[in-house]
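Reproduced below: run.cif, with mmCIF, C-alpha atoms.
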data_entry
loop_
_atom_site.label_atom_id
_atom_site.label_comp_id
_atom_site.auth_asym_id
_atom_site.auth_seq_id
_atom_site.Cartn_x
_atom_site.Cartn_y
_atom_site.Cartn_z
CA MET A 1409 1.56 4.44 -13.41
CA SER A 1410 -1.15 5.05 -16.00
CA SER A 1411 -4.17 3.15 -14.73
CA LEU A 1412 -4.17 4.26 -11.08
CA SER A 1413 -5.40 7.51 -9.64
CA SER A 1414 -6.88 8.85 -6.45
CA ALA A 1415 -10.31 7.70 -7.71
CA ALA A 1416 -9.24 4.09 -7.14
CA PHE A 1417 -9.39 4.61 -3.36
CA ILE A 1418 -12.87 4.29 -1.93
CA HIS A 1419 -14.17 6.33 0.98
CA SER A 1420 -16.26 4.10 3.24
CA PRO A 1421 -18.88 5.06 5.83
CA MET A 1422 -17.81 2.11 8.06
CA SER A 1423 -16.51 3.04 11.49
CA THR A 1424 -13.17 1.62 12.63
CA ALA A 1425 -15.02 -0.55 15.17
CA GLU A 1426 -17.17 -1.98 12.38
CA VAL A 1427 -14.10 -2.62 10.23
CA GLU A 1428 -12.44 -4.49 13.05
CA ALA A 1429 -15.53 -6.60 13.82
CA SER A 1430 -15.78 -7.48 10.13
CA GLU A 1431 -12.09 -8.44 9.98
CA LYS A 1432 -12.57 -10.70 12.98
CA LEU A 1433 -15.62 -12.41 11.46
CA TYR A 1434 -14.27 -13.09 7.96
CA GLY A 1435 -10.68 -13.42 9.20
CA SER A 1436 -11.60 -16.46 11.30
CA LEU A 1437 -12.94 -18.14 8.16
CA ALA A 1438 -9.78 -17.14 6.27
CA GLY A 1439 -7.79 -18.87 9.02
CA ASP A 1440 -9.85 -22.05 8.53
CA VAL A 1441 -9.28 -21.91 4.77
CA ARG A 1442 -5.54 -21.41 5.35
CA ARG A 1443 -5.47 -24.64 7.37
CA LEU A 1444 -7.46 -26.38 4.60
CA ILE A 1445 -4.91 -25.25 1.98
CA ASP A 1446 -2.13 -26.65 4.18
CA VAL A 1447 -3.68 -30.09 4.72
CA LEU A 1448 -4.69 -30.40 1.06
CA ILE A 1449 -0.98 -30.42 0.20
CA ARG A 1450 -0.14 -33.01 2.88
CA THR A 1451 -3.17 -35.33 2.71
CA GLU A 1452 -2.93 -39.00 1.74
CA VAL A 1453 -6.65 -39.85 1.86
CA GLY A 1454 -8.28 -41.66 -1.07
CA ALA A 1455 -10.72 -40.63 -3.78
CA ASP A 1456 -13.87 -41.12 -1.65
CA ARG A 1457 -12.65 -38.71 1.02
CA VAL A 1458 -11.53 -36.20 -1.61
CA ALA A 1459 -15.01 -36.34 -3.17
CA GLN A 1460 -16.60 -35.66 0.26
CA ALA A 1461 -14.21 -32.76 0.86
CA ARG A 1462 -15.04 -31.30 -2.56
CA GLU A 1463 -18.74 -31.45 -1.71
CA LEU A 1464 -18.17 -29.56 1.56
CA VAL A 1465 -15.95 -26.93 -0.03
CA GLN A 1466 -18.44 -26.36 -2.85
CA GLN A 1467 -21.24 -25.94 -0.30
CA ALA A 1468 -19.20 -23.35 1.60
CA GLN A 1469 -18.46 -21.58 -1.66
CA MET A 1470 -22.17 -21.45 -2.55
CA LEU A 1471 -23.14 -20.10 0.88
CA LEU A 1472 -20.63 -17.27 0.59
CA GLY A 1473 -21.66 -16.60 -2.99
CA GLU A 1474 -25.34 -16.04 -2.06
CA GLN A 1475 -24.50 -12.39 -1.61
CA ALA A 1476 -21.17 -11.21 -2.96
CA SER A 1477 -19.58 -8.31 -4.78
CA ALA A 1478 -18.27 -8.95 -8.29
CA GLU A 1479 -15.31 -6.66 -7.61
CA ALA A 1480 -11.90 -7.00 -6.01
CA ALA A 1481 -11.76 -5.72 -2.42
CA GLY A 1482 -9.69 -2.67 -3.33
CA VAL A 1483 -8.36 -0.19 -0.80
CA LYS A 1484 -10.87 1.65 1.39
CA PHE A 1485 -10.54 4.33 4.04
CA ASN A 1486 -12.81 6.00 6.57
CA ASP A 1487 -12.98 9.36 8.32
CA GLU A 1488 -11.09 8.05 11.34
CA GLY A 1489 -7.84 7.61 9.40
CA ARG A 1490 -8.21 3.83 9.15
CA SER A 1491 -7.55 2.17 5.77
CA TRP A 1492 -7.96 -1.49 4.82
CA SER A 1493 -7.31 -3.75 1.85
CA TRP A 1494 -9.00 -7.02 2.65
CA GLY A 1495 -7.93 -8.79 -0.52
CA ASN A 1496 -4.25 -7.83 -0.37
CA ALA A 1497 -2.09 -10.83 -1.36
CA ALA A 1498 0.45 -10.13 1.40
CA VAL A 1499 -1.60 -8.86 4.33
CA GLY A 1500 -5.32 -8.96 3.42
CA ALA A 1501 -7.45 -9.97 6.43
CA ARG A 1502 -9.84 -11.90 4.19
CA ASN A 1503 -7.21 -13.35 1.89
CA ALA A 1504 -6.32 -16.98 2.72
CA ILE A 1505 -3.39 -16.77 0.29
CA ALA A 1506 -1.67 -14.06 2.33
CA PRO A 1507 0.88 -15.32 4.84
CA PRO A 1508 -0.33 -14.11 8.24
CA MET A 1509 2.11 -11.19 8.01
CA VAL A 1510 1.80 -8.51 10.71
CA LEU A 1511 4.14 -5.50 10.59
CA ARG A 1512 5.65 -3.73 13.58
CA TRP A 1513 7.00 -0.17 13.40
CA ASP A 1514 9.85 -0.05 15.94
CA ASP A 1515 11.32 2.99 17.67
CA ASP A 1516 14.68 2.58 15.94
CA GLY A 1517 13.02 3.27 12.56
CA GLU A 1518 13.00 -0.35 11.44
CA VAL A 1519 9.86 -2.15 10.34
CA ARG A 1520 9.86 -5.79 11.38
CA SER A 1521 7.76 -8.88 11.05
CA GLU A 1522 7.98 -12.50 12.16
CA VAL A 1523 5.93 -15.03 10.21
CA ASP A 1524 5.35 -18.79 10.39
CA LEU A 1525 5.39 -20.15 6.85
CA GLY A 1526 3.79 -23.55 6.31
CA VAL A 1527 3.99 -26.04 3.47
CA ALA A 1528 1.97 -23.86 1.07
CA TYR A 1529 4.91 -21.45 0.70
CA GLU A 1530 7.40 -24.05 -0.54
CA GLY A 1531 9.80 -23.69 -3.47
CA PRO A 1532 13.01 -25.75 -3.15
CA PRO A 1533 12.44 -28.88 -1.02
CA GLY A 1534 11.59 -27.82 2.55
CA CYS A 1535 12.39 -24.18 1.78
CA VAL A 1536 10.45 -20.98 1.19
CA HIS A 1537 9.86 -20.19 -2.52
CA GLY A 1538 12.20 -17.39 -3.58
CA GLY A 1539 9.20 -15.61 -5.07
CA VAL A 1540 7.28 -15.78 -1.78
CA SER A 1541 10.22 -14.09 -0.07
CA ALA A 1542 10.11 -11.49 -2.85
CA LEU A 1543 6.38 -10.94 -2.23
CA MET A 1544 6.85 -10.44 1.51
CA LEU A 1545 9.92 -8.22 1.09
CA ASP A 1546 8.21 -6.09 -1.57
CA HIS A 1547 5.25 -5.55 0.71
CA LEU A 1548 7.30 -4.82 3.83
CA MET A 1549 9.57 -2.44 1.94
CA GLY A 1550 6.63 -0.57 0.40
CA GLU A 1551 5.10 -0.12 3.84
CA THR A 1552 8.48 1.05 5.14
CA ALA A 1553 8.78 3.58 2.31
CA SER A 1554 5.37 4.96 3.30
CA ALA A 1555 7.02 6.10 6.58
CA ALA A 1556 4.39 4.69 8.91
CA HIS A 1557 1.65 5.68 6.47
CA THR A 1558 2.52 9.35 6.22
CA ARG A 1559 2.79 9.16 2.41
CA LEU A 1560 1.70 6.97 -0.48
CA THR A 1561 4.37 5.06 -2.44
CA MET A 1562 4.72 2.59 -5.33
CA THR A 1563 7.55 0.19 -6.13
CA GLY A 1564 9.94 1.57 -8.77
CA THR A 1565 12.74 -0.98 -8.80
CA LEU A 1566 13.45 -3.94 -6.54
CA THR A 1567 16.68 -5.92 -6.38
CA LEU A 1568 16.95 -9.16 -4.43
CA ARG A 1569 20.18 -10.99 -3.64
CA TYR A 1570 19.64 -14.63 -2.71
CA ILE A 1571 22.38 -15.74 -0.31
CA ALA A 1572 21.14 -19.00 1.18
CA PRO A 1573 18.01 -21.17 1.08
CA LEU A 1574 15.39 -20.17 3.67
CA PRO A 1575 13.81 -23.18 5.44
CA LEU A 1576 10.04 -23.24 5.95
CA GLY A 1577 8.89 -22.43 9.49
CA ARG A 1578 9.55 -19.34 11.53
CA ILE A 1579 11.15 -16.49 9.58
CA TRP A 1580 11.93 -12.84 10.31
CA LEU A 1581 11.94 -9.77 8.07
CA ARG A 1582 13.29 -6.28 8.65
CA ALA A 1583 13.44 -3.10 6.57
CA ARG A 1584 14.54 0.50 6.94
CA ILE A 1585 14.76 3.65 4.86
CA GLU A 1586 18.33 4.12 3.65
CA ARG A 1587 17.81 7.53 2.06
CA GLU A 1588 15.13 9.74 0.58
CA SER A 1589 14.82 12.86 -1.54
CA ASP A 1590 11.85 14.53 -3.13
CA ARG A 1591 9.59 11.76 -4.45
CA LYS A 1592 12.16 8.91 -4.17
CA VAL A 1593 12.71 6.65 -1.19
CA THR A 1594 15.40 3.94 -1.02
CA VAL A 1595 14.66 1.05 1.33
CA VAL A 1596 16.93 -1.84 2.36
CA ALA A 1597 15.59 -5.06 3.82
CA SER A 1598 16.47 -8.63 4.68
CA ILE A 1599 14.84 -11.92 5.55
CA GLY A 1600 16.19 -14.91 7.45
CA PRO A 1601 15.27 -18.06 9.37
CA GLY A 1602 14.36 -18.53 13.03
CA GLU A 1603 15.22 -15.69 15.37
CA PRO A 1604 16.14 -12.18 14.14
CA SER A 1605 19.76 -12.65 15.24
CA SER A 1606 20.41 -15.22 12.48
CA ASP A 1607 22.22 -14.45 9.20
CA SER A 1608 20.16 -13.10 6.31
CA SER A 1609 19.05 -15.51 3.59
CA ILE A 1610 18.07 -12.75 1.17
CA GLU A 1611 19.00 -9.06 1.04
CA ALA A 1612 16.95 -6.54 -0.88
CA ARG A 1613 17.11 -2.94 -1.99
CA GLY A 1614 14.20 -1.04 -3.47
CA LEU A 1615 13.47 2.35 -4.91
CA PHE A 1616 9.97 3.55 -4.08
CA ILE A 1617 8.21 6.47 -5.73
CA VAL A 1618 5.53 8.86 -4.51
CA PRO A 1619 3.19 9.16 -7.55
CA ARG A 1620 2.47 12.76 -8.60
CA TRP A 1621 -1.26 12.18 -8.33
CA ALA A 1622 -0.83 11.11 -4.72
CA GLN A 1623 0.56 14.53 -3.78
CA SER A 1624 -2.76 16.22 -4.53
CA GLY A 1625 -4.26 15.54 -1.11
CA ASP A 1626 -7.28 13.72 -2.60
CA VAL A 1627 -6.10 10.45 -1.10
CA PRO A 1628 -5.35 10.21 2.60
CA ALA A 1629 -1.62 9.52 3.03
CA ASP A 1630 -2.34 6.92 5.67
CA ILE A 1631 -3.23 4.39 2.99
CA GLY A 1632 0.53 3.94 2.76
CA SER A 1633 2.08 1.50 0.34
CA LEU A 1634 0.23 0.66 -2.85
CA ASP A 1635 1.63 -2.87 -3.09
CA MET B 1297 23.12 -22.49 -0.55
CA SER B 1298 24.04 -24.30 2.68
CA SER B 1299 20.95 -26.28 3.64
CA LEU B 1300 20.14 -27.89 0.28
CA SER B 1301 21.77 -30.89 -1.29
CA SER B 1302 20.93 -33.70 -3.67
CA ALA B 1303 19.52 -35.62 -0.67
CA ALA B 1304 16.59 -33.18 -0.58
CA PHE B 1305 15.18 -34.67 -3.79
CA ILE B 1306 13.18 -37.81 -3.24
CA HIS B 1307 13.10 -40.71 -5.65
CA SER B 1308 9.54 -42.04 -5.90
CA PRO B 1309 8.30 -45.44 -7.10
CA MET B 1310 5.15 -43.80 -8.58
CA SER B 1311 4.71 -44.18 -12.33
CA THR B 1312 4.05 -41.07 -14.41
CA ALA B 1313 0.49 -42.34 -15.03
CA GLU B 1314 -0.07 -42.58 -11.26
CA VAL B 1315 1.39 -39.10 -10.73
CA GLU B 1316 -0.99 -37.66 -13.30
CA ALA B 1317 -4.04 -39.44 -11.87
CA SER B 1318 -3.12 -38.12 -8.42
CA GLU B 1319 -2.68 -34.57 -9.75
CA LYS B 1320 -6.10 -34.77 -11.35
CA LEU B 1321 -7.75 -36.03 -8.13
CA TYR B 1322 -6.26 -33.54 -5.67
CA GLY B 1323 -5.99 -30.79 -8.29
CA SER B 1324 -9.77 -30.70 -8.70
CA LEU B 1325 -10.12 -30.08 -4.96
CA ALA B 1326 -7.41 -27.39 -5.17
CA GLY B 1327 -9.52 -25.73 -7.88
CA ASP B 1328 -12.55 -25.76 -5.56
CA VAL B 1329 -10.49 -24.24 -2.74
CA ARG B 1330 -9.19 -21.56 -5.12
CA ARG B 1331 -12.79 -20.55 -5.89
CA LEU B 1332 -13.54 -20.55 -2.14
CA ILE B 1333 -10.58 -18.21 -1.49
CA ASP B 1334 -11.90 -15.89 -4.20
CA VAL B 1335 -15.49 -15.68 -2.91
CA LEU B 1336 -14.32 -15.28 0.70
CA ILE B 1337 -12.79 -11.97 -0.34
CA ARG B 1338 -15.93 -10.81 -2.18
CA THR B 1339 -18.71 -12.14 0.07
CA GLU B 1340 -21.22 -9.91 1.85
CA VAL B 1341 -23.14 -12.61 3.76
CA GLY B 1342 -23.77 -12.22 7.48
CA ALA B 1343 -22.41 -13.93 10.58
CA ASP B 1344 -24.79 -16.93 10.42
CA ARG B 1345 -23.68 -17.86 6.90
CA VAL B 1346 -20.02 -17.36 7.84
CA ALA B 1347 -20.49 -19.72 10.80
CA GLN B 1348 -22.03 -22.35 8.50
CA ALA B 1349 -19.17 -21.96 6.02
CA ARG B 1350 -16.61 -22.32 8.83
CA GLU B 1351 -18.29 -25.57 9.91
CA LEU B 1352 -18.08 -26.98 6.35
CA VAL B 1353 -14.47 -25.93 5.86
CA GLN B 1354 -13.47 -27.42 9.22
CA GLN B 1355 -15.18 -30.70 8.29
CA ALA B 1356 -13.29 -30.81 4.98
CA GLN B 1357 -10.06 -30.08 6.80
CA MET B 1358 -10.71 -32.96 9.25
CA LEU B 1359 -11.51 -35.42 6.46
CA LEU B 1360 -8.25 -34.61 4.68
CA GLY B 1361 -6.34 -34.73 7.95
CA GLU B 1362 -7.45 -38.30 8.75
CA GLN B 1363 -4.38 -39.49 6.87
CA ALA B 1364 -1.75 -36.93 6.09
CA SER B 1365 2.00 -36.47 6.01
CA ALA B 1366 3.53 -34.04 8.50
CA GLU B 1367 6.02 -32.89 5.87
CA ALA B 1368 6.05 -30.37 3.04
CA ALA B 1369 5.47 -31.94 -0.39
CA GLY B 1370 9.07 -31.43 -1.52
CA VAL B 1371 10.35 -32.26 -4.98
CA LYS B 1372 10.05 -35.86 -6.16
CA PHE B 1373 11.12 -37.67 -9.31
CA ASN B 1374 10.62 -41.10 -10.84
CA ASP B 1375 12.53 -43.39 -13.21
CA GLU B 1376 10.61 -42.08 -16.22
CA GLY B 1377 12.18 -38.61 -16.00
CA ARG B 1378 9.05 -37.01 -14.49
CA SER B 1379 9.46 -34.66 -11.51
CA TRP B 1380 6.77 -32.97 -9.46
CA SER B 1381 6.50 -30.46 -6.61
CA TRP B 1382 2.87 -30.54 -5.52
CA GLY B 1383 3.24 -27.87 -2.87
CA ASN B 1384 5.11 -25.32 -4.98
CA ALA B 1385 3.77 -21.82 -4.29
CA ALA B 1386 3.85 -20.86 -7.99
CA VAL B 1387 2.89 -24.03 -9.85
CA GLY B 1388 2.08 -26.81 -7.32
CA ALA B 1389 -0.84 -28.94 -8.52
CA ARG B 1390 -2.12 -29.34 -4.97
CA ASN B 1391 -1.44 -25.79 -3.85
CA ALA B 1392 -4.53 -23.56 -3.89
CA ILE B 1393 -2.30 -20.51 -3.30
CA ALA B 1394 -0.49 -21.00 -6.60
CA PRO B 1395 -1.92 -19.03 -9.51
CA PRO B 1396 -2.88 -21.60 -12.11
CA MET B 1397 0.40 -20.91 -13.96
CA VAL B 1398 1.26 -23.26 -16.84
CA LEU B 1399 4.51 -22.73 -18.72
CA ARG B 1400 5.04 -23.23 -22.44
CA TRP B 1401 8.49 -23.76 -23.98
CA ASP B 1402 8.28 -22.24 -27.46
CA ASP B 1403 10.45 -23.01 -30.50
CA ASP B 1404 11.97 -19.52 -30.51
CA GLY B 1405 13.61 -20.22 -27.14
CA GLU B 1406 11.13 -18.15 -25.12
CA VAL B 1407 9.19 -19.56 -22.21
CA ARG B 1408 5.68 -18.12 -22.00
CA SER B 1409 2.63 -18.26 -19.82
CA GLU B 1410 -0.80 -16.67 -19.78
CA VAL B 1411 -2.61 -16.58 -16.45
CA ASP B 1412 -5.99 -15.32 -15.22
CA LEU B 1413 -5.45 -13.58 -11.88
CA GLY B 1414 -8.49 -13.12 -9.67
CA VAL B 1415 -9.16 -10.91 -6.67
CA ALA B 1416 -6.85 -12.92 -4.38
CA TYR B 1417 -3.78 -11.54 -6.15
CA GLU B 1418 -4.56 -7.88 -5.52
CA GLY B 1419 -2.15 -5.19 -4.33
CA PRO B 1420 -3.01 -1.65 -5.49
CA PRO B 1421 -6.78 -1.26 -6.08
CA GLY B 1422 -7.83 -3.54 -8.94
CA CYS B 1423 -4.20 -4.37 -9.76
CA VAL B 1424 -1.88 -7.33 -9.30
CA HIS B 1425 0.31 -7.10 -6.16
CA GLY B 1426 3.86 -6.20 -7.22
CA GLY B 1427 5.09 -9.09 -5.09
CA VAL B 1428 2.80 -11.58 -6.87
CA SER B 1429 4.32 -10.45 -10.18
CA ALA B 1430 7.74 -10.98 -8.59
CA LEU B 1431 6.73 -14.50 -7.50
CA MET B 1432 5.55 -15.45 -10.98
CA LEU B 1433 8.53 -13.85 -12.73
CA ASP B 1434 11.01 -15.50 -10.35
CA HIS B 1435 9.46 -18.88 -11.03
CA LEU B 1436 9.23 -18.46 -14.80
CA MET B 1437 12.81 -17.17 -14.99
CA GLY B 1438 14.14 -20.06 -12.88
CA GLU B 1439 12.42 -22.55 -15.16
CA THR B 1440 13.84 -20.70 -18.17
CA ALA B 1441 17.35 -20.82 -16.70
CA SER B 1442 16.97 -24.59 -16.33
CA ALA B 1443 16.89 -24.73 -20.18
CA ALA B 1444 13.81 -26.93 -20.48
CA HIS B 1445 14.91 -28.94 -17.46
CA THR B 1446 18.32 -29.93 -18.73
CA ARG B 1447 20.04 -28.48 -15.65
CA LEU B 1448 19.25 -27.48 -12.08
CA THR B 1449 19.43 -23.79 -11.13
CA MET B 1450 18.86 -21.45 -8.16
CA THR B 1451 18.13 -17.73 -8.11
CA GLY B 1452 21.27 -15.64 -7.46
CA THR B 1453 20.02 -12.09 -7.98
CA LEU B 1454 16.75 -10.76 -9.32
CA THR B 1455 16.05 -7.17 -10.39
CA LEU B 1456 12.54 -5.97 -11.17
CA ARG B 1457 11.66 -2.67 -12.81
CA TYR B 1458 8.04 -1.63 -12.26
CA ILE B 1459 6.86 0.46 -15.20
CA ALA B 1460 3.07 0.55 -14.89
CA PRO B 1461 0.35 -0.96 -12.69
CA LEU B 1462 -0.85 -4.38 -13.92
CA PRO B 1463 -4.65 -4.75 -13.77
CA LEU B 1464 -6.13 -8.00 -12.40
CA GLY B 1465 -7.49 -10.37 -15.04
CA ARG B 1466 -5.65 -11.94 -17.96
CA ILE B 1467 -1.89 -11.39 -17.92
CA TRP B 1468 1.01 -12.70 -20.00
CA LEU B 1469 4.60 -13.51 -19.04
CA ARG B 1470 7.64 -14.24 -21.19
CA ALA B 1471 11.29 -15.03 -20.48
CA ARG B 1472 14.43 -15.96 -22.36
CA ILE B 1473 18.08 -16.68 -21.66
CA GLU B 1474 20.16 -13.61 -22.46
CA ARG B 1475 23.54 -15.19 -21.91
CA GLU B 1476 25.23 -18.02 -20.07
CA SER B 1477 28.70 -19.15 -19.10
CA ASP B 1478 29.91 -21.97 -16.90
CA ARG B 1479 27.54 -22.10 -13.90
CA LYS B 1480 25.87 -18.69 -14.47
CA VAL B 1481 22.75 -18.03 -16.56
CA THR B 1482 21.27 -14.55 -17.16
CA VAL B 1483 17.55 -14.47 -17.91
CA VAL B 1484 15.38 -11.51 -18.98
CA ALA B 1485 11.62 -11.50 -18.61
CA SER B 1486 8.55 -9.33 -18.68
CA ILE B 1487 4.91 -9.34 -17.66
CA GLY B 1488 1.97 -7.37 -19.00
CA PRO B 1489 -1.82 -7.18 -19.23
CA GLY B 1490 -4.21 -8.79 -21.72
CA GLU B 1491 -2.68 -10.13 -24.89
CA PRO B 1492 1.09 -10.67 -25.32
CA SER B 1493 1.31 -7.79 -27.82
CA SER B 1494 0.68 -5.21 -25.06
CA ASP B 1495 3.41 -3.12 -23.42
CA SER B 1496 5.25 -4.61 -20.43
CA SER B 1497 4.19 -3.56 -16.95
CA ILE B 1498 7.29 -4.99 -15.29
CA GLU B 1499 10.68 -5.96 -16.71
CA ALA B 1500 13.03 -8.30 -14.90
CA ARG B 1501 16.58 -9.55 -15.13
CA GLY B 1502 17.94 -12.42 -13.10
CA LEU B 1503 21.19 -14.23 -12.55
CA PHE B 1504 20.69 -17.94 -11.94
CA ILE B 1505 23.34 -20.31 -10.62
CA VAL B 1506 23.89 -24.03 -11.08
CA PRO B 1507 24.85 -25.19 -7.55
CA ARG B 1508 28.07 -27.22 -7.40
CA TRP B 1509 26.33 -30.11 -5.70
CA ALA B 1510 23.88 -30.32 -8.61
CA GLN B 1511 26.71 -31.08 -11.04
CA SER B 1512 27.43 -34.42 -9.37
CA GLY B 1513 24.80 -36.35 -11.31
CA ASP B 1514 23.05 -37.51 -8.10
CA VAL B 1515 20.00 -35.42 -8.93
CA PRO B 1516 18.27 -35.79 -12.29
CA ALA B 1517 18.67 -32.52 -14.22
CA ASP B 1518 15.04 -32.63 -15.29
CA ILE B 1519 13.97 -31.34 -11.88
CA GLY B 1520 14.87 -27.96 -13.35
CA SER B 1521 14.48 -24.81 -11.33
CA LEU B 1522 14.71 -24.96 -7.56
CA ASP B 1523 12.35 -22.05 -7.01
#

Could you quickly redo this structure as C-alpha cells?
Amino acid sequence: MSSLSSAAFIHSPMSTAEVEASEKLYGSLAGDVRRLIDVLIRTEVGADRVAQARELVQQAQMLLGEQASAEAAGVKFNDEGRSWSWGNAAVGARNAIAPPMVLRWDDDGEVRSEVDLGVAYEGPPGCVHGGVSALMLDHLMGETASAAHTRLTMTGTLTLRYIAPLPLGRIWLRARIERESDRKVTVVASIGPGEPSSDSSIEARGLFIVPRWAQSGDVPADIGSLD
Amino acid sequence: MSSLSSAAFIHSPMSTAEVEASEKLYGSLAGDVRRLIDVLIRTEVGADRVAQARELVQQAQMLLGEQASAEAAGVKFNDEGRSWSWGNAAVGARNAIAPPMVLRWDDDGEVRSEVDLGVAYEGPPGCVHGGVSALMLDHLMGETASAAHTRLTMTGTLTLRYIAPLPLGRIWLRARIERESDRKVTVVASIGPGEPSSDSSIEARGLFIVPRWAQSGDVPADIGSLD
C-alpha cells in the first residue's frame, strides 16, 4: 500500500449540483462513445466508410483535447459529502470503458446491481469475459466492504470460483459482508445471468482492508472503496 | 460449463492474410476510439464543444452501423490454424475497451506482456483498478494454461493477492504453468509497475480446466484460452 495516502484524494470546491450537471454533460458523450465501441466490433462496412469514421473520431478527439488535463481523473470530494471518480474503470461517469454499473444498497444489507453487457465485454463466444466479471465483482465487493461509504477499504485478496459460462446480455450481481473485525472485512458475492433468481455463474470471496492511513480522518470515509 | 460447446466456434473461409488486413483496417479505428475514450476523461471543454463532439461521434456510429452484424464477434478460426476473437475484452483487435495487450511466449516457458495503461484504467487515484489487473491476469493466465494454444482451457478458480497499489503507466505481467495433470492446469502469475525487474504489485494463482467437450477434436486446439 506504499504509493497511496490521504494526499491522493483531492478536495474540490464544486457543489454537488455542479458535479451532477457535469456528469450529465460528459456522461451523455460517454454513452455515445459506448455505442460507437459496440458498433465498431459488429460493423461490416468497407475501407472508405472506416476512413470517414476515423476522420470524425479524430475531429471529436481534437475538439475535446483543446482544453484538457494531463492527469487521470482521480478521486475528488466536496464539503457536502459527495465524492466522485469520473475515470473509474468500473463506474466512472466519464469512462466509456466502464459497464454502466449502478449499485443499490438494499435494506437487507446486500448490495446489488443489474447490468446489460454488450458485445464489448465478450470472452468465450457469446459470453462475458471471466476477467470482466472479476472487474465488476471486485468493484462491487469493495463498495460493499466500505459499508455504504462509512469507511475506506482496499482489496487484500480475492478468490473467484467460475461455475458456468455467463452469457452476454442482462446480468445481476449481489454482495454482502460475511464478517468483519478490526481493519479486515470479508465479503461474499455472486454474479449470474438474467433475473436475480437464476443460479450463480461465478462465486467470489474477498478480504478487504482498511489502510492505516485512512484511519487518520484526513480523508472523508464516504469516498468508500479504493478500487 | 453448460452453455458452451464446440458449436460456438465458427469456421471461417477467410485466409490469414485477409484476417490480418481486416485487423489492420478496423484496428486503426479502434486505436482512434481508444484515444477518444482517454481524452473524454481528461477534457475541460464546455457544453458547446461537447455537443459538437457528440454530433461527430453519432455520425461515426451511424456510418459503421450502415452494415453491421447483430451478433457478438465470437471466436473464429480458419484452415491455416489461425484463430481470432475481435471483440475480446482483453485482447480483441476491434475492441477499444481492451488494453492494447500483446502476449509473448518466451523460451523459458513464461508468457509475458508489457502494457501502457492510460487514465481509462483507473481505480484508486492514479492507480490501475484492481479489477482491471484481474482482467489482464485472468486473460494472460488462461492463455498460459492453453500451452501456446495446444489445448483449450477455461478458468476454474482464480485467487488474487493484492500487495501494493499499481500506478497507471507502463506495467508488466508474467505467468507460467506451475503444474498440470489430466484436465487440470495450475498457473501462477504476477503484475507490477515499470520494468519487469520491479517487485510484484499483485500475485495470482489459477486453476484452469480443459472442458470435456473440447477433447473431442471438433474444435481446433489452437483457439487456446476461452477467456

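The space between atom CA of B:Ser1497 and atom CA of A:Thr1561 spans 16.9 Å.
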
Worksheet item: Restricting the calculation to all atoms listed in the file, which member of A:Asp1546, A:Glu1479, A:Glu1551, A:Glu1518 is positioned closest to B:Thr1339?
Response: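 With all atoms listed in the file as the atom set, the closest residue is A:Glu1479.
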
Fill in: Computed interatomic separation between atom CA of A:Leu1560 and atom CA of A:Asp1590 (Å)
12.9 Å

Discussion item. Translate the PyMOL selection byres ((chain B and resi 1477) around 12) into a concrete residue list for this structure, as a ChimeraX atom specification.
Written reply: /B:1441,1473-1476,1478-1482,1503-1506

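For the residues A:Arg1490, A:Asp1516, A:Ala1425, A:Ser1413, ranking by smallest atom-to-atom distance to A:Gln1623 using only C-alpha atoms places A:Ser1413 first.
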
Worksheet item: For the atom pair atom CA of A:Arg1450 and atom CA of B:Ala1364, what is the interatomic distance in Å to one decimal place?
Response: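 These atoms are spaced 5.3 Å apart.
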
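Ranking A:Arg1613, A:Arg1462, A:Arg1620, A:His1419 by their shortest atom-to-atom distance to chain B, with all atoms listed in the file included, puts A:Arg1462 first.
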
Worksheet item: Got a sec to resolve the PyMOL selection byres ((chain B and resi 1423) around 8) on this structure and send the residues as a ChimeraX atom specification?
Response: /B:1418-1422,1424-1425,1461-1464

Worksheet item: Any chance you could work out the residue set of the PyMOL selection byres ((chain B and resi 1349) around 9) here, as a list of chain:residue names?
Response: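 Applying the PyMOL selection byres ((chain B and resi 1349) around 9) to the structure shown produces A:Leu1437, A:Leu1464, A:Val1465, A:Gln1467, A:Ala1468, A:Gln1469, A:Leu1471, A:Leu1472, B:Asp1344, B:Arg1345, B:Val1346, B:Ala1347, B:Gln1348, B:Arg1350, B:Glu1351, B:Leu1352, B:Val1353, B:Gln1354.
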
Worksheet entry | Test item: residues at most 7 Å from B:Val1428, only C-alpha atoms, excluding those fewer than 4 positions along its chain, as a VMD selection string | (chain A and resid 1543) or (chain B and resid 1417 1424 1432)

Residues from the last selection, C-alpha atoms, saved as a PDB file, in the frame of the given file:
ATOM      1  CA  LEU A1543       6.380 -10.940  -2.230  1.00  0.00           C
TER       2      LEU A1543
ATOM      3  CA  TYR B1417      -3.780 -11.540  -6.150  1.00  0.00           C
ATOM      4  CA  VAL B1424      -1.880  -7.330  -9.300  1.00  0.00           C
ATOM      5  CA  MET B1432       5.550 -15.450 -10.980  1.00  0.00           C
TER       6      MET B1432
END

Per-axis box centre and lengths in Å around stretch 1550-1554 of chain A, 3 Å margin per side, axis-aligned, as JSON:
{"center_x": 6.9, "center_y": 2.2, "center_z": 2.8, "size_x": 9.7, "size_y": 11.5, "size_z": 10.7}

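The shell of residues at most 8 Å from B:Phe1373, with all atoms listed in the file counted and near chain neighbours (fewer than 4 positions) removed, consists of Phe1305, Ile1306, His1307, Ser1308, Gly1377, Arg1378, Ser1379, Trp1380, Pro1516 and Ile1519 of chain B.
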
Practice prompt. Starting from the point (7.9, -1.4, 8.1), work out which residues of protein, DNA or RNA have an atom no more than 9 Å away when counting all atoms listed in the file; state them as an NGL selection string.
Written response: :A and (1511-1514 or 1517-1521 or 1547-1556 or 1582-1584)

Practice prompt. Determine, counting only C-alpha atoms, which protein, DNA and RNA residues have an atom within 12 Å of an atom of A:Val1427; residues of the same chain fewer than 5 positions away are not included. Present the result as a VMD selection string.
Written response: chain A and resid 1420 to 1422 1432 to 1435 1484 to 1486 1488 1490 to 1494 1501 to 1502

Leaving out B:Ile1487 and any residue of its chain fewer than 4 positions from it, which residues lie within 6 Å of it when counting only C-alpha atoms, given as a PDB file with C-alpha atoms, in the frame of the given file?
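Produced file selection.pdb, reproduced below:
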ATOM      1  CA  TRP B1468       1.010 -12.700 -20.000  1.00  0.00           C
ATOM      2  CA  LEU B1469       4.600 -13.510 -19.040  1.00  0.00           C
ATOM      3  CA  SER B1496       5.250  -4.610 -20.430  1.00  0.00           C
ATOM      4  CA  SER B1497       4.190  -3.560 -16.950  1.00  0.00           C
ATOM      5  CA  ILE B1498       7.290  -4.990 -15.290  1.00  0.00           C
TER       6      ILE B1498
END
